[in-house]
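Novice: Have a look at the structure that comes next, please.
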Amino acid sequence: MNTNISKLDYCQFLLSSQINYTLTHMADHLQSFSHDTINRYLRGEKLSPRLLWEQAQPQLVLDDGAYLVFDDTVLDHSFGPSIEMVRRQWSGNQKSVIRGIGLVSCVYVNPATEQFWVIDYRIFDPDTDGKSKLDQVREMLSMAGHRKLPFGTVLMDAWYAAKEVMLQIARAGKIFYCPLKSNRLVDDSGGAEPYRRIETLSWSETELEGGKLVKVKGFPGDFKVKLFRVEVSTHRTEWVVTNDLSQSSTQDAQQVSALRWKIEEFHREAKQLTGLEDCQCRKARIQRNHIACSLLVWSRLNSLAHQTRQTVYQLKHGLLHHYLVAQLKSPSIMMVLA
């Protein structure tokens with residue numbers, strides 16, 4: 001039995017498997033590797049986010065006006081064995097607190113081609129590294145600058161609309177767009193009145209169309225942002241802010257801010273097609289390596305989808321289709337059916 005399993009072998013398994021991503025399933029279908037061999041490899045390997053950058057970098061279609069999008073998702077481990085790094089945290093998809101592993105991602109979006117790539121990620125494990133999700137976003141922002149990645153705007157959810165993050169973006173000479181929570185305190189009077197909750201502000205017709213200048217409580221005295229009241233749906237309003245004070249269209253601000261949902265698309269695809277949250281191994285190192293390989297597989301699927309003008313779902317499910325066609329053409333299968 002072969003004992004020299006590699007990252008490529010494990011990624012190939014995640015790419016090929018349709019519904020079962022356990023080590024037992026891999027060992028059952030690859031007689032050259034035992035379950036213990038696979039487990040030992042994943043416990044001893046140390047795959048870092050840099051591997052994802054190295055794979056994605058040659059694929060990027062760079063643009064000075066590109067967007068960096070940050071958001072997190074929770075890999076659901078509510079059921080099954082006790083797993084290291086799993087903690088109770090809020091899940092936007094479930095709209096509740098669940099047990100899972102937090103994954104913070106960075107996606108690069110080219111607005112001209114509408115292509116996007118995941119270029120960096122961090123695993124939320126404060127018990128090990130002492131870092132919050134805000135710390136991890138700031139770290140990835142700094143890394144993007146260190147790599148001299150061209151982009152002009154940062155998009156993020158309300159969770160990341162913290163003073164430290166927003167000021168870091170502004171000091172780097174970049175623009176941000178992000179929603180604020182309705183209870184955030186702002187001043188639109190130029191200091192003449194006390195700070196008020198965003199949801200209590202009054203809006204003229206001109207301000208509804210072009211936004212208003214406000215100061216967010218806690219920010220430096222001379223740091224102001226443009227606030228837009230965006231009607232997302234009949235029952236939902238977003239309060240979007242940007243440091244681009246020249247932005248004078250609520251509709252344009254809404255369109256830019258909406259691009260952050262590209263990262264939701266990535267999270268959904270990775271979970272459904274690569275087994276991102278389906279590893280049941282207890283050890284943190286195995287979970288980290290599984291997540292790294294899952295993201296490498298999504299990156300590869302994404303690249304092939306652009307090349308073949310298919311969706312990542314068509315590519316993944318097409319693997320099963322081609323396999324079944326090959327099997328049905330096999331003489332041994334035909335003899336059994338006869």
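Order determines the names: the first chain of the structure tokens is A, the second B, and so forth; residues in each chain are numbered 1 upward, and ligands are numbered 1 upward as they are shown.
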Which residues of range 145-202 of chain A have any atom within 12 Å of an atom in range 74-93 of chain A when counting only C-alpha atoms, and what is the closest pair of atoms for each, with the distance in Å to one decimal? Order the rows by chain and rising number and write it as a tab-separated table.
Specialist:
```
residue	atom	partner	partner_atom	distance
A:Asp157	CA	A:Gly92	CA	11.0
A:Ala158	CA	A:Gly92	CA	11.9
A:Trp159	CA	A:Gly92	CA	11.0
```
Novice: For those residues, write N, CA, C and O atoms to a file as a compact mmCIF listing (two decimals), in the first residue's frame.
Specialist:
```
# COMPACT_ATOMS: atom_id res chain seq x y z
N ASP A 157 -19.18 43.99 5.29
CA ASP A 157 -20.46 43.97 5.97
C ASP A 157 -20.41 44.91 7.19
O ASP A 157 -19.34 45.39 7.57
N ALA A 158 -21.59 45.11 7.80
CA ALA A 158 -21.68 46.02 8.95
C ALA A 158 -20.81 45.56 10.11
O ALA A 158 -20.34 46.38 10.91
N TRP A 159 -20.57 44.25 10.19
CA TRP A 159 -19.76 43.71 11.28
C TRP A 159 -18.35 44.30 11.28
O TRP A 159 -17.71 44.43 12.32
```
Novice: Using DSSP on the backbone coordinates, identify the residues of range 147-239 of chain A assigned to alpha helix (DSSP H); present them as a PyMOL selection string.
Specialist: chain A and resi 163-171+205-210
Novice: Could you dump the residues just selected with C-alpha atoms as a short mmCIF file (atom, residue, chain, number, x, y, z; two decimals), in the first residue's frame?
Specialist:
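Output below, filename selection_0.cif:
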```
data_model
loop_
_atom_site.label_atom_id
_atom_site.label_comp_id
_atom_site.auth_asym_id
_atom_site.auth_seq_id
_atom_site.Cartn_x
_atom_site.Cartn_y
_atom_site.Cartn_z
CA LYS A 163 -13.24 52.68 13.30
CA GLU A 164 -9.87 50.91 13.10
CA VAL A 165 -10.74 49.14 9.84
CA MET A 166 -12.31 52.15 8.14
CA LEU A 167 -9.44 54.47 9.09
CA GLN A 168 -6.86 51.93 7.90
CA ILE A 169 -8.57 51.85 4.50
CA ALA A 170 -8.76 55.64 4.29
CA ARG A 171 -5.11 56.10 5.33
CA GLU A 205 -35.79 64.41 -1.12
CA THR A 206 -32.37 65.70 -2.16
CA GLU A 207 -30.65 63.66 0.55
CA LEU A 208 -32.59 60.53 -0.37
CA GLU A 209 -31.26 60.82 -3.92
CA GLY A 210 -27.72 62.00 -3.16
#
```
Novice: In terms of the shortest atom-to-atom distance over only C-alpha atoms, which of A:Thr128, A:Ser294, A:Thr308, A:Gln255 is closest to Pro49 in chain A?
Specialist: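 Of A:Thr128, A:Ser294, A:Thr308, A:Gln255, the one nearest Pro49 in chain A, counting only C-alpha atoms, is A:Ser294.
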Novice: Neighbours of Ile291 in chain A within 7 Å (only C-alpha atoms; same-chain residues fewer than 4 positions away dropped), as an NGL selection string?
Specialist: :A and (276 or 287 or 295)
Novice: Keeping only N, CA, C and O atoms, take the residues you just selected and write them out as a PDB file, in the first residue's frame.
Specialist:
```pdb
ATOM      1  N   LEU A 276     -16.301  21.874   2.109  1.00  0.00           N
ATOM      2  CA  LEU A 276     -15.607  22.821   2.984  1.00  0.00           C
ATOM      3  C   LEU A 276     -15.954  22.614   4.463  1.00  0.00           C
ATOM      4  O   LEU A 276     -15.083  22.697   5.320  1.00  0.00           O
ATOM      5  N   GLN A 287      -8.391  19.988  10.346  1.00  0.00           N
ATOM      6  CA  GLN A 287      -9.429  20.903   9.872  1.00  0.00           C
ATOM      7  C   GLN A 287      -8.816  22.046   9.056  1.00  0.00           C
ATOM      8  O   GLN A 287      -9.330  22.413   7.997  1.00  0.00           O
ATOM      9  N   LEU A 295     -10.458  25.226  -0.409  1.00  0.00           N
ATOM     10  CA  LEU A 295     -10.382  26.521  -1.082  1.00  0.00           C
ATOM     11  C   LEU A 295      -9.520  26.444  -2.337  1.00  0.00           C
ATOM     12  O   LEU A 295      -9.796  27.119  -3.337  1.00  0.00           O
TER      13      LEU A 295
END
```
Novice: Within 9 Å of Ser48 in chain A, counting only C-alpha atoms, which residues qualify if same-chain residues fewer than 3 places away don't, as an NGL selection string?
Specialist: :A and (51-52 or 288-289 or 292)
Novice: Find, counting only C-alpha atoms, the residue in A:Thr234, A:Ser132, A:Gln280, A:Thr274 that gets nearest to Ser299 in chain A.
Specialist: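 Ranking A:Thr234, A:Ser132, A:Gln280, A:Thr274 by distance to Ser299 in chain A, first place goes to A:Thr274.
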Novice: From the DSSP assignment of the backbone, select every residue of range 24-85 of chain A that is strand (DSSP E), and format the answer as a PyMOL selection string.
Specialist: chain A and resi 67-76
Novice: Quick one: pull the distance between CA of Arg229 in chain A and CA of Lys217 in chain A, Å, one decimal.
Specialist: 18.2 Å
